[in-house]
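Containing compact mmCIF, C-alpha atoms and all ligand atoms: upload27.txt.
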# COMPACT_ATOMS: atom_id res chain seq x y z
CA MET A 1 313.02 30.67 -61.77
CA PRO A 2 312.79 34.48 -62.07
CA GLY A 3 310.30 35.51 -64.75
CA LEU A 4 310.94 37.85 -67.67
CA ASP A 5 309.57 41.38 -67.43
CA ALA A 6 307.03 42.77 -69.89
CA THR A 7 309.64 44.53 -72.03
CA GLU A 8 311.76 41.38 -72.46
CA ILE A 9 308.68 39.30 -73.26
CA ARG A 10 307.53 41.77 -75.94
CA GLN A 11 311.02 41.87 -77.43
CA ARG A 12 311.15 38.08 -77.67
CA LEU A 13 307.63 37.98 -79.08
CA ASN A 14 308.68 40.41 -81.75
CA ASP A 15 311.64 38.19 -82.65
CA ALA A 16 309.55 34.99 -82.64
CA HIS A 17 308.67 33.19 -85.87
CA LEU A 18 307.59 29.69 -84.87
CA TYR A 19 304.85 29.16 -82.26
CA LEU A 20 303.75 25.67 -81.25
CA CYS A 21 300.56 24.63 -79.46
CA THR A 22 300.65 21.20 -77.83
CA ASP A 23 298.46 19.22 -75.50
CA ALA A 24 299.91 17.55 -72.40
CA ARG A 25 300.48 14.31 -74.39
CA HIS A 26 298.94 12.21 -71.63
CA ASP A 27 298.19 9.50 -74.21
CA ARG A 28 301.87 9.24 -75.18
CA GLY A 29 303.48 10.12 -71.83
CA ASP A 30 306.40 11.87 -73.51
CA LEU A 31 305.78 15.58 -72.85
CA ALA A 32 309.27 16.38 -71.53
CA GLU A 33 311.07 14.65 -74.42
CA PHE A 34 308.67 16.09 -76.98
CA VAL A 35 309.02 19.74 -75.90
CA ASP A 36 312.76 19.40 -75.57
CA ALA A 37 312.94 18.16 -79.16
CA ALA A 38 310.60 20.87 -80.50
CA LEU A 39 312.56 23.61 -78.74
CA ALA A 40 315.88 22.19 -79.91
CA GLY A 41 314.45 22.39 -83.44
CA GLY A 42 313.87 26.12 -83.03
CA VAL A 43 310.35 26.65 -81.64
CA ASP A 44 310.22 30.17 -80.12
CA ILE A 45 306.96 29.94 -78.14
CA ILE A 46 305.18 26.88 -76.72
CA GLN A 47 301.56 27.02 -75.68
CA LEU A 48 299.91 24.34 -73.58
CA ARG A 49 296.54 23.90 -75.32
CA ASP A 50 294.77 20.97 -73.75
CA LYS A 51 291.06 21.70 -73.88
CA GLY A 52 289.20 20.43 -70.81
CA ILE A 53 292.28 19.54 -68.79
CA GLU A 54 291.82 20.00 -65.01
CA ALA A 55 293.85 22.66 -63.19
CA LYS A 56 296.18 20.30 -61.34
CA PRO A 57 297.39 18.30 -64.36
CA GLU A 58 297.55 21.53 -66.34
CA LEU A 59 299.91 23.06 -63.77
CA ALA A 60 301.98 19.88 -63.70
CA ALA A 61 302.35 19.95 -67.50
CA LEU A 62 303.20 23.66 -67.39
CA GLU A 63 305.97 23.00 -64.91
CA ILE A 64 307.58 20.66 -67.45
CA LEU A 65 307.14 23.20 -70.23
CA ALA A 66 308.45 26.07 -68.08
CA GLU A 67 311.67 24.24 -67.28
CA ALA A 68 312.26 23.39 -70.95
CA CYS A 69 311.39 26.91 -72.16
CA HIS A 70 313.77 28.42 -69.62
CA ARG A 71 316.59 26.12 -70.75
CA HIS A 72 316.04 26.93 -74.43
CA GLY A 73 315.24 30.65 -74.03
CA ALA A 74 311.70 30.22 -75.36
CA LEU A 75 308.43 31.79 -74.22
CA LEU A 76 305.83 29.80 -72.31
CA ALA A 77 302.17 30.39 -73.23
CA VAL A 78 298.92 29.33 -71.57
CA ASN A 79 295.64 29.02 -73.45
CA ASP A 80 292.37 30.53 -72.20
CA ARG A 81 292.99 30.67 -68.43
CA ALA A 82 294.39 33.84 -66.85
CA ASP A 83 294.49 32.30 -63.36
CA ILE A 84 296.58 29.35 -64.53
CA ALA A 85 298.86 31.65 -66.52
CA ARG A 86 299.57 33.71 -63.41
CA ILE A 87 300.19 30.74 -61.13
CA ALA A 88 302.45 29.07 -63.71
CA GLY A 89 304.45 32.28 -64.24
CA ALA A 90 303.72 32.11 -67.97
CA ASP A 91 305.08 34.72 -70.37
CA VAL A 92 302.04 34.68 -72.64
CA LEU A 93 298.28 34.19 -72.32
CA HIS A 94 296.30 33.43 -75.47
CA LEU A 95 292.63 34.46 -75.71
CA GLY A 96 290.07 33.73 -78.41
CA GLN A 97 287.10 35.86 -79.39
CA ASP A 98 284.86 34.12 -76.84
CA ASP A 99 287.39 33.92 -74.02
CA LEU A 100 287.86 36.40 -71.14
CA PRO A 101 287.89 40.06 -72.18
CA VAL A 102 291.45 41.38 -72.18
CA THR A 103 290.98 43.84 -69.29
CA PHE A 104 289.70 41.12 -66.95
CA ALA A 105 292.39 38.70 -68.10
CA ARG A 106 295.11 41.28 -67.52
CA ALA A 107 293.73 42.08 -64.04
CA VAL A 108 294.09 38.40 -63.13
CA ALA A 109 297.25 37.52 -65.04
CA GLY A 110 299.25 40.64 -64.13
CA GLU A 111 301.35 43.12 -66.09
CA ASP A 112 304.38 40.92 -66.83
CA ILE A 113 302.60 38.83 -69.41
CA ALA A 114 301.89 39.27 -73.09
CA ILE A 115 298.31 38.73 -74.25
CA GLY A 116 297.41 37.32 -77.64
CA ARG A 117 294.12 37.30 -79.53
CA SER A 118 292.66 34.97 -82.16
CA THR A 119 291.08 36.65 -85.18
CA HIS A 120 289.06 35.14 -88.03
CA ASP A 121 288.13 38.09 -90.24
CA THR A 122 289.47 41.50 -91.18
CA ASP A 123 287.33 43.39 -88.64
CA GLN A 124 288.63 41.25 -85.80
CA ALA A 125 292.21 41.54 -87.06
CA SER A 126 291.98 45.34 -87.36
CA ALA A 127 290.55 45.52 -83.83
CA ALA A 128 293.24 43.25 -82.36
CA ALA A 129 295.93 45.34 -84.06
CA VAL A 130 295.01 48.33 -81.87
CA GLU A 131 293.03 46.95 -78.89
CA ASP A 132 294.44 48.08 -75.53
CA GLY A 133 296.29 45.33 -73.69
CA VAL A 134 296.75 43.07 -76.73
CA ASP A 135 300.39 42.30 -77.62
CA TYR A 136 300.00 40.04 -80.67
CA PHE A 137 297.27 38.39 -82.70
CA CYS A 138 296.72 35.37 -84.90
CA THR A 139 294.78 35.12 -88.16
CA GLY A 140 293.19 31.90 -89.30
CA PRO A 141 292.50 29.21 -90.00
CA CYS A 142 294.41 29.39 -93.25
CA TRP A 143 292.91 25.99 -94.11
CA PRO A 144 290.12 24.00 -92.42
CA THR A 145 291.79 21.90 -89.73
CA PRO A 146 290.80 18.87 -87.64
CA THR A 147 292.57 20.53 -84.69
CA LYS A 148 289.82 23.17 -84.59
CA LEU A 149 286.78 21.38 -85.99
CA GLY A 150 283.88 23.59 -87.01
CA ARG A 151 285.96 26.76 -87.33
CA PRO A 152 285.30 28.15 -90.84
CA ALA A 153 288.51 29.06 -92.63
CA PRO A 154 288.95 32.62 -93.95
CA GLY A 155 291.93 31.19 -95.83
CA LEU A 156 294.98 33.00 -97.07
CA GLU A 157 292.83 36.01 -98.03
CA LEU A 158 292.89 37.09 -94.37
CA VAL A 159 296.67 36.70 -94.27
CA ARG A 160 296.96 38.86 -97.41
CA ALA A 161 294.63 41.53 -96.00
CA THR A 162 296.47 41.59 -92.67
CA ALA A 163 299.88 41.83 -94.32
CA SER A 164 298.65 44.71 -96.50
CA ALA A 165 297.48 46.60 -93.41
CA LYS A 166 301.06 46.45 -92.04
CA PRO A 167 300.11 46.17 -88.34
CA GLU A 168 302.71 47.37 -85.86
CA ARG A 169 302.01 44.45 -83.53
CA PRO A 170 303.42 41.01 -84.21
CA TRP A 171 300.89 38.68 -85.83
CA PHE A 172 300.94 34.99 -86.72
CA ALA A 173 299.16 32.91 -89.36
CA ILE A 174 297.55 29.70 -88.03
CA GLY A 175 295.53 26.72 -89.14
CA GLY A 176 296.45 23.84 -91.42
CA ILE A 177 300.03 24.99 -91.88
CA ASP A 178 302.73 22.42 -92.55
CA GLU A 179 306.06 22.36 -94.35
CA ARG A 180 304.41 21.74 -97.74
CA ARG A 181 301.93 24.61 -97.40
CA LEU A 182 304.27 27.08 -95.72
CA PRO A 183 305.54 28.71 -98.95
CA GLU A 184 301.96 29.78 -99.76
CA VAL A 185 301.55 31.31 -96.30
CA LEU A 186 304.80 33.23 -96.65
CA ALA A 187 303.89 34.35 -100.16
CA ALA A 188 300.62 35.71 -98.72
CA GLY A 189 302.69 37.95 -96.44
CA ALA A 190 302.97 36.15 -93.09
CA THR A 191 306.35 36.17 -91.36
CA ARG A 192 305.29 34.27 -88.23
CA ILE A 193 303.33 31.02 -87.92
CA VAL A 194 301.57 28.88 -85.33
CA VAL A 195 301.36 25.12 -85.83
CA VAL A 196 299.93 22.15 -83.97
CA ARG A 197 299.95 18.87 -85.94
CA ALA A 198 302.94 19.77 -88.12
CA ILE A 199 305.09 19.21 -85.03
CA THR A 200 302.92 17.29 -82.52
CA GLU A 201 302.28 14.50 -85.03
CA ALA A 202 305.72 14.47 -86.61
CA GLU A 203 307.79 11.33 -86.29
CA ASP A 204 310.80 13.54 -85.61
CA PRO A 205 309.54 16.73 -83.87
CA ARG A 206 312.99 18.28 -83.80
CA ALA A 207 313.47 17.88 -87.55
CA ALA A 208 309.91 19.08 -88.25
CA ALA A 209 310.46 22.21 -86.14
CA ALA A 210 313.87 22.84 -87.71
CA ALA A 211 312.47 22.61 -91.24
CA LEU A 212 309.63 25.04 -90.46
CA LYS A 213 311.99 27.42 -88.66
CA ALA A 214 314.49 27.45 -91.50
CA ALA A 215 311.74 28.34 -93.94
CA VAL A 216 309.97 30.98 -91.84
CA ALA A 217 312.80 32.78 -90.03
C1 LIG B 1 298.43 31.02 -80.81
C2 LIG B 1 297.00 30.65 -80.85
N1 LIG B 1 296.22 31.12 -81.83
C3 LIG B 1 294.92 30.79 -81.87
C4 LIG B 1 294.37 29.99 -80.88
C5 LIG B 1 292.90 29.67 -80.86
O1 LIG B 1 292.25 30.29 -79.75
P1 LIG B 1 290.66 30.12 -79.58
O2 LIG B 1 290.00 30.67 -80.76
O3 LIG B 1 290.30 30.68 -78.26
O4 LIG B 1 290.44 28.55 -79.57
P2 LIG B 1 291.01 27.49 -78.53
O5 LIG B 1 292.44 27.24 -78.86
O6 LIG B 1 290.87 28.02 -77.15
O7 LIG B 1 290.19 26.26 -78.77
C6 LIG B 1 295.23 29.52 -79.87
N2 LIG B 1 294.80 28.73 -78.88
N3 LIG B 1 296.53 29.87 -79.88
C1 LIG B 2 293.97 26.17 -82.24
C2 LIG B 2 293.64 26.78 -83.54
N1 LIG B 2 293.16 28.06 -83.66
C3 LIG B 2 292.92 28.39 -84.91
C4 LIG B 2 292.39 29.69 -85.32
O1 LIG B 2 292.16 29.92 -86.49
O2 LIG B 2 292.26 30.52 -84.42
S1 LIG B 2 293.31 27.18 -86.02
C5 LIG B 2 293.81 26.16 -84.76
C6 LIG B 2 294.35 24.78 -84.96
C7 LIG B 2 295.64 24.74 -85.74
O3 LIG B 2 296.05 23.43 -85.76
P1 LIG B 2 296.86 22.74 -86.95
O4 LIG B 2 298.17 23.42 -87.04
O5 LIG B 2 296.97 21.30 -86.49
O6 LIG B 2 296.03 22.85 -88.17
MG MG B 3 290.48 29.96 -76.40

Output the file's structure as C-alpha cells, nothing else.
Amino acid sequence: MPGLDATEIRQRLNDAHLYLCTDARHDRGDLAEFVDAALAGGVDIIQLRDKGIEAKPELAALEILAEACHRHGALLAVNDRADIARIAGADVLHLGQDDLPVTFARAVAGEDIAIGRSTHDTDQASAAAVEDGVDYFCTGPCWPTPTKLGRPAPGLELVRATASAKPERPWFAIGGIDERRLPEVLAAGATRIVVVRAITEAEDPRAAAAALKAAVA
C-alpha cells in the first residue's frame, strides 16, 4: 500500500476530530472486527498503544490496523517507537515527555510521518505548540484515568488555557473523556479528542464512536 506524504498526513490531521488508542486486544482476539467497527463509526486516527508488547506481535497488529485504516481513509498511529512506526509505514508517531526526543525520532521514522507530543501543563503545551518537528499535541488528563494510572490530572483548566492560547497546530484533549463528559470538554474549548475506554470498552464500538464523532465534529 503506498503511504501518504507529509502534506496529506498533516491535512488529514488538521481535519481529524476523533482519535482512538487501542491495545492489540489479545485477550479478546477481535482486533480486526473492533477496528473496523470503530472506523465505521467515524474514528479519524487509530493508535496502537499496547505497552510492553514485543516487536513481532506489534507489527502483526499494526498490519491489521493499517489495512483497516487504508480502507476507511483514517490515519494509523504508533505509540513510543520510531523504529516500529517506520517499518509499519505509519502516518503518525506519538511521543510522551519521557519518550525519544523529536529530532532522534524523526531521524529514525523519516519525513513522511506526523509526530505528536503529550503535554500535562501549560509550559509543556506552549512548548509543543512551537517545537520543531512536532505536528500536533495532546493535553491531559482531563480527569484521572485508570488507563494512565499515576498520571496527575491538570483537568479542564489546561484545556481552557490551551484553547485561549489559540495554537496554530492541531491539539487534542485526552483522559477520562466519554460521551457524558464530552460537553464539558467542548465547552472548555477543545475541538478534537482522544479516547481509549469510551470505545475500547463499549458494547457497541461503532455506536460509541459515532456518538462521540457526532458531538465533536
Ligand atoms: C494521542 C496520545 N496522547 C497521549 C498519549 C500518552 O503518551 P505518553 O505520555 O508517552 O504515555 P504512554 O501512552 O506512552 O503510556 C498517547 N499515547 N497518545
Ligand atoms: C494514554 C493516555 N495519555 C494521557 C495523557 O494525559 O497524556 S491520558 C491517557 C489515557 C486515556 O484513556 P481513557 O480515555 O480510557 O481515560
Ligand atoms: Mg509514550

- Item | Top pick for closest residue to Ala90 of chain A, considering A:Ala188, A:Ile46, A:Ala55, A:Thr147 and counting all atoms listed in the file |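 Of all the options, A:Ile46 lies closest to Ala90 of chain A.
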
- Pick from A:Leu182, A:Ala61, A:Ala214, A:Leu76, whichever lies nearest to Gly29 of chain A using all atoms listed in the file: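 Among the listed residues, A:Ala61 lies closest to Gly29 of chain A.
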
Which protein, DNA or RNA residues have an atom within 6 Å of ligand LIG 2 (chain B), counting only C-alpha atoms and all ligand atoms, as a PDB file with C-alpha atoms, in the coordinates of the input?
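So the final result, stored in part25.pdb, reads:
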ATOM      1  CA  SER A 118     292.660  34.970 -82.160  1.00  0.00           C
ATOM      2  CA  GLY A 140     293.190  31.900 -89.300  1.00  0.00           C
ATOM      3  CA  PRO A 141     292.500  29.210 -90.000  1.00  0.00           C
ATOM      4  CA  THR A 145     291.790  21.900 -89.730  1.00  0.00           C
ATOM      5  CA  THR A 147     292.570  20.530 -84.690  1.00  0.00           C
ATOM      6  CA  LYS A 148     289.820  23.170 -84.590  1.00  0.00           C
ATOM      7  CA  ILE A 174     297.550  29.700 -88.030  1.00  0.00           C
ATOM      8  CA  GLY A 175     295.530  26.720 -89.140  1.00  0.00           C
ATOM      9  CA  GLY A 176     296.450  23.840 -91.420  1.00  0.00           C
ATOM     10  CA  ILE A 177     300.030  24.990 -91.880  1.00  0.00           C
ATOM     11  CA  VAL A 195     301.360  25.120 -85.830  1.00  0.00           C
ATOM     12  CA  VAL A 196     299.930  22.150 -83.970  1.00  0.00           C
ATOM     13  CA  ARG A 197     299.950  18.870 -85.940  1.00  0.00           C
TER      14      ARG A 197
END

- Message: Let me make sure I understand: among A:Leu156, A:Ala207, A:Ala88, A:Ala114, which one has the smallest atom-to-atom distance to Val185 of chain A if we use all atoms listed in the file?
- Response: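 For Val185 of chain A, the nearest of the candidates is A:Leu156.
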
- Item | Contact residues around Ile9 of chain A with all atoms listed in the file at 8 Å, ignoring same-chain residues under 6 positions, as number ranges by chain | A: 75, 91, 112-114

- Have a look at atom CA of Ile193 of chain A and atom CA of Cys21 of chain A and let me know their distance in Å, one decimal.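 Taking atom CA of Ile193 of chain A and atom CA of Cys21 of chain A, their separation equals 11.0 Å.
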
- Query: When the cut-off is 10 Å and you count all atoms listed in the file, which residues lie near ligand LIG 1 (chain B), shown as a PyMOL selection string?
  - Reply: chain A and resi 19-22+45-52+77-81+92-100+116-120+136-141+147-149+151+171-175+193-196

- Query: Out of A:Ala165, A:Ile64, A:Ile115, A:Leu158, which residue has the shortest atom-to-atom distance to ligand MG 3 (chain B) when counting all atoms listed in the file?
  - Reply: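 Checking each of A:Ala165, A:Ile64, A:Ile115, A:Leu158 against ligand MG 3 (chain B), counting all atoms listed in the file, the winner is A:Ile115.
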
- Task: Using only C-alpha atoms, pick whichever of A:Pro170, A:Arg160, A:Arg28, A:Gly155 has the shortest atom-to-atom distance to Ala128 of chain A.
- Result: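 For Ala128 of chain A, the nearest of the candidates is A:Pro170.
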
- Message: Just the number, please: distance in Å from atom CA of Arg169 of chain A to atom CA of Ala85 of chain A, one decimal.
- Response: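 One can read the atom CA of Arg169 of chain A to atom CA of Ala85 of chain A distance as 21.5 Å.
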
- Task: One decimal, Å: what's the distance from atom CA of Ala109 of chain A over to atom CA of Ala125 of chain A, could you say?
- Result: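 Interatomic distance, atom CA of Ala109 of chain A to atom CA of Ala125 of chain A: 22.9 Å.
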
- Message: Need the shell around Gly189 of chain A: protein/DNA/RNA residues with any atom at most 9 Å away, counting all atoms listed in the file. Skip same-chain ones fewer than 3 positions apart. Format as a list in words?
- Response: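 My reading of the contact set: Val159, Arg160, Ala161, Thr162, Ala163, Ser164, Glu184, Val185 and Leu186 of chain A.
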
- Which is closest to ligand MG 3 (chain B) among A:Leu59, A:Ala38, A:Ala82, A:Val43, if we use only C-alpha atoms and all ligand atoms? A:Ala82

Output file request: segment 26-76 of chain A, with C-alpha atoms, as a PDB file, in the first residue's frame.
ATOM      1  CA  HIS A  26      -5.040 -10.203  22.516  1.00  0.00           C
ATOM      2  CA  ASP A  27      -7.350 -11.076  25.422  1.00  0.00           C
ATOM      3  CA  ARG A  28     -10.449 -10.751  23.209  1.00  0.00           C
ATOM      4  CA  GLY A  29      -8.957 -11.827  19.864  1.00  0.00           C
ATOM      5  CA  ASP A  30     -11.176  -9.427  17.931  1.00  0.00           C
ATOM      6  CA  LEU A  31      -8.799  -6.677  16.767  1.00  0.00           C
ATOM      7  CA  ALA A  32      -9.849  -6.705  13.092  1.00  0.00           C
ATOM      8  CA  GLU A  33     -13.594  -6.574  13.875  1.00  0.00           C
ATOM      9  CA  PHE A  34     -13.086  -3.986  16.595  1.00  0.00           C
ATOM     10  CA  VAL A  35     -11.084  -1.514  14.487  1.00  0.00           C
ATOM     11  CA  ASP A  36     -13.415  -1.955  11.556  1.00  0.00           C
ATOM     12  CA  ALA A  37     -16.363  -1.039  13.787  1.00  0.00           C
ATOM     13  CA  ALA A  38     -14.580   1.943  15.370  1.00  0.00           C
ATOM     14  CA  LEU A  39     -13.555   3.297  11.967  1.00  0.00           C
ATOM     15  CA  ALA A  40     -17.035   2.759  10.550  1.00  0.00           C
ATOM     16  CA  GLY A  41     -18.297   4.837  13.483  1.00  0.00           C
ATOM     17  CA  GLY A  42     -16.096   7.746  12.418  1.00  0.00           C
ATOM     18  CA  VAL A  43     -12.719   7.417  14.178  1.00  0.00           C
ATOM     19  CA  ASP A  44     -10.186   9.537  12.243  1.00  0.00           C
ATOM     20  CA  ILE A  45      -6.926   8.256  13.749  1.00  0.00           C
ATOM     21  CA  ILE A  46      -6.154   4.911  15.406  1.00  0.00           C
ATOM     22  CA  GLN A  47      -3.099   4.436  17.574  1.00  0.00           C
ATOM     23  CA  LEU A  48      -1.823   1.043  18.627  1.00  0.00           C
ATOM     24  CA  ARG A  49      -0.966   1.604  22.303  1.00  0.00           C
ATOM     25  CA  ASP A  50      -0.049  -1.721  23.834  1.00  0.00           C
ATOM     26  CA  LYS A  51       2.557  -1.060  26.490  1.00  0.00           C
ATOM     27  CA  GLY A  52       5.182  -3.799  26.700  1.00  0.00           C
ATOM     28  CA  ILE A  53       4.132  -5.624  23.551  1.00  0.00           C
ATOM     29  CA  GLU A  54       7.051  -7.299  21.701  1.00  0.00           C
ATOM     30  CA  ALA A  55       8.027  -6.045  18.241  1.00  0.00           C
ATOM     31  CA  LYS A  56       6.731  -9.026  16.275  1.00  0.00           C
ATOM     32  CA  PRO A  57       3.174  -9.057  17.668  1.00  0.00           C
ATOM     33  CA  GLU A  58       3.159  -5.261  17.496  1.00  0.00           C
ATOM     34  CA  LEU A  59       3.936  -5.362  13.770  1.00  0.00           C
ATOM     35  CA  ALA A  60       1.314  -8.066  13.247  1.00  0.00           C
ATOM     36  CA  ALA A  61      -1.333  -5.937  14.988  1.00  0.00           C
ATOM     37  CA  LEU A  62      -0.245  -2.877  13.001  1.00  0.00           C
ATOM     38  CA  GLU A  63      -0.712  -4.770   9.758  1.00  0.00           C
ATOM     39  CA  ILE A  64      -4.355  -5.344  10.709  1.00  0.00           C
ATOM     40  CA  LEU A  65      -4.792  -1.699  11.668  1.00  0.00           C
ATOM     41  CA  ALA A  66      -3.048  -0.459   8.510  1.00  0.00           C
ATOM     42  CA  GLU A  67      -5.368  -2.405   6.234  1.00  0.00           C
ATOM     43  CA  ALA A  68      -8.456  -1.123   8.065  1.00  0.00           C
ATOM     44  CA  CYS A  69      -7.199   2.482   8.166  1.00  0.00           C
ATOM     45  CA  HIS A  70      -6.458   2.383   4.444  1.00  0.00           C
ATOM     46  CA  ARG A  71      -9.959   1.080   3.685  1.00  0.00           C
ATOM     47  CA  HIS A  72     -11.629   3.759   5.821  1.00  0.00           C
ATOM     48  CA  GLY A  73      -9.305   6.659   4.933  1.00  0.00           C
ATOM     49  CA  ALA A  74      -8.065   7.008   8.513  1.00  0.00           C
ATOM     50  CA  LEU A  75      -4.569   7.680   9.865  1.00  0.00           C
ATOM     51  CA  LEU A  76      -2.507   4.964  11.515  1.00  0.00           C
TER      52      LEU A  76
END
